[in-house]
$ cat run37.cif   # mmCIF, C-alpha atoms
data_start
loop_
_atom_site.label_atom_id
_atom_site.label_comp_id
_atom_site.auth_asym_id
_atom_site.auth_seq_id
_atom_site.Cartn_x
_atom_site.Cartn_y
_atom_site.Cartn_z
CA MET T 1 98.87 48.15 -38.82
CA LEU T 2 101.92 49.99 -37.73
CA ASP T 3 101.17 52.80 -35.29
CA LEU T 4 103.42 55.59 -34.01
CA ARG T 5 101.86 55.21 -30.55
CA GLN T 6 103.11 51.64 -30.40
CA ILE T 7 106.65 52.77 -31.20
CA ASN T 8 106.45 55.54 -28.61
CA ASN T 9 105.14 53.14 -25.96
CA LEU T 10 108.12 50.86 -26.56
CA LYS T 11 110.60 53.71 -25.91
CA ASN T 12 110.04 53.34 -22.17
CA LEU T 13 110.84 49.63 -22.16
CA SER T 14 114.52 48.80 -22.41
CA SER T 15 113.66 45.17 -23.11
CA ALA T 16 111.76 46.23 -26.25
CA ASP T 17 114.62 48.08 -28.00
CA ASP T 18 114.90 45.52 -30.79
CA GLU T 19 111.16 45.51 -31.42
CA ARG T 20 111.05 49.32 -31.40
CA LYS T 21 113.93 49.55 -33.88
CA HIS T 22 112.27 46.97 -36.10
CA MET T 23 108.98 48.89 -36.04
CA GLN T 24 110.74 52.20 -36.78
CA LYS T 25 112.52 50.62 -39.76
CA GLU T 26 109.25 49.17 -41.01
CA LEU T 27 107.59 52.60 -40.71
CA HIS T 28 110.42 54.32 -42.60
CA ASP T 29 110.31 51.63 -45.31
CA LEU T 30 106.56 52.17 -45.71
CA ILE T 31 107.03 55.94 -45.89
CA ASP T 32 109.70 55.47 -48.59
CA LEU T 33 107.54 53.00 -50.50
CA THR T 34 104.33 55.04 -50.44
CA MET T 35 105.99 58.48 -50.34
CA GLU T 36 103.40 59.37 -47.68
CA THR T 37 103.72 60.10 -44.00
CA PRO T 38 101.02 58.81 -41.67
CA ASP T 39 99.65 62.38 -41.37
CA SER T 40 99.61 63.03 -45.13
CA LEU T 41 97.97 59.66 -45.75
CA ALA T 42 95.32 60.42 -43.12
CA ALA T 43 94.65 63.80 -44.77
CA LYS T 44 94.25 62.12 -48.18
CA MET T 45 91.89 59.54 -46.70
CA ASP T 46 89.77 62.32 -45.18
CA ALA T 47 89.62 64.12 -48.55
CA LEU T 48 88.69 60.86 -50.28
CA GLU T 49 85.88 60.21 -47.79
CA ARG T 50 84.50 63.74 -48.36
CA ARG T 51 84.60 63.28 -52.14
CA TYR T 52 82.86 59.93 -51.87
CA GLU T 53 80.11 61.46 -49.71
CA GLU T 54 79.66 64.22 -52.32
CA TYR T 55 79.47 61.58 -55.06
CA GLU T 56 76.85 59.60 -53.13
CA LYS T 57 74.76 62.76 -52.58
CA ALA T 58 74.97 63.66 -56.28
CA MET T 59 73.82 60.15 -57.24
CA ARG T 60 70.88 60.34 -54.80
CA ASP T 61 69.90 63.77 -56.17
CA LEU T 62 70.13 62.53 -59.76
CA SER T 63 68.07 59.41 -59.18
CA GLY T 64 65.51 61.40 -57.17
CA GLY T 65 65.18 63.85 -60.07
CA ASN T 66 64.77 61.01 -62.55
CA LEU T 67 62.09 59.42 -60.38
CA ARG T 68 60.19 62.71 -60.15
CA LEU T 69 60.35 63.05 -63.95
CA VAL T 70 59.01 59.52 -64.52
CA VAL T 71 56.19 60.06 -62.01
CA SER T 72 55.16 63.37 -63.60
CA ILE T 73 55.08 61.77 -67.07
CA ALA T 74 53.11 58.80 -65.73
CA LYS T 75 50.52 61.13 -64.17
CA LYS T 76 49.86 62.70 -67.56
CA TYR T 77 49.04 59.33 -69.06
CA ARG T 78 47.33 57.75 -66.06
CA ASN T 79 43.75 57.60 -67.41
CA ARG T 80 44.55 57.20 -71.08
CA ARG T 81 44.31 53.88 -72.85
CA PRO T 82 47.28 53.06 -75.01
CA HIS T 83 46.57 53.50 -78.71
CA LEU T 84 47.79 50.48 -80.61
CA HIS T 85 48.54 51.18 -84.24
CA GLY T 86 46.18 49.34 -86.59
CA SER T 87 43.60 48.32 -84.01
CA HIS T 88 39.98 49.46 -84.33
CA SER T 89 37.97 49.64 -81.11
CA GLY T 90 39.37 46.40 -79.74
CA ARG T 91 38.30 44.19 -82.68
CA GLN T 92 40.86 42.05 -84.41
CA HIS T 93 41.37 42.67 -88.09
CA ARG T 94 40.94 39.56 -90.22
CA THR T 95 42.14 39.24 -93.73
CA ASP T 96 39.71 37.68 -96.16
CA ALA T 97 41.46 34.85 -97.96
CA SER T 98 38.89 34.80 -100.77
CA ARG T 99 39.60 38.44 -101.59
CA ARG T 100 42.72 39.17 -103.51
#
$ encode --input "run37.cif" --output "structure tokens"
Amino acid sequence: MLDLRQINNLKNLSSADDERKHMQKELHDLIDLTMETPDSLAAKMDALERRYEEYEKAMRDLSGGNLRLVVSIAKKYRNRRPHLHGSHSGRQHRTDASRR
């Protein structure tokens, strides 16, 4: 990753003029391509990280609320036996083939 500190460090070395010029050109090309400066890109990344943290918190809150709802409904039906439609006290209903 291209870093302004690297370019600045090369300013003091006369033997690194070509490398410094190449890195400066690469930086300017990237700025033109992305239409972002390193500082503006860093600010956008910070904003994106904050939004993602807010999204994660909202998802945790939502799933926690859903879990509480499910638990409260389950508590209401904890000691009840499920009523199956058509069943009579656990006995199976047989049809009499001789009766029509």
$ atom_distance --input "run37.cif" --atom1 "atom CA of T:Leu30" --atom2 "atom CA of T:Glu49"
22.3 Å
$ atom_distance --input "run37.cif" --atom1 "atom CA of T:Asp18" --atom2 "atom CA of T:Met35"
25.1 Å
$ atom_distance --input "run37.cif" --atom1 "atom CA of T:Leu48" --atom2 "atom CA of T:Leu33"
20.4 Å
$ resolve_selection --input "run37.cif" --expression "the PyMOL selection byres ((chain T and resi 23) around 12)" --output "ChimeraX atom specification"
/T:1-11,16-22,24-30
$ axis_aligned_box --input "run37.cif" --around "stretch 40-59 of chain T" --padding-each-side "4 Å" --output "JSON"
{"center_x": 86.7, "center_y": 61.9, "center_z": -50.2, "size_x": 33.8, "size_y": 12.7, "size_z": 22.1}
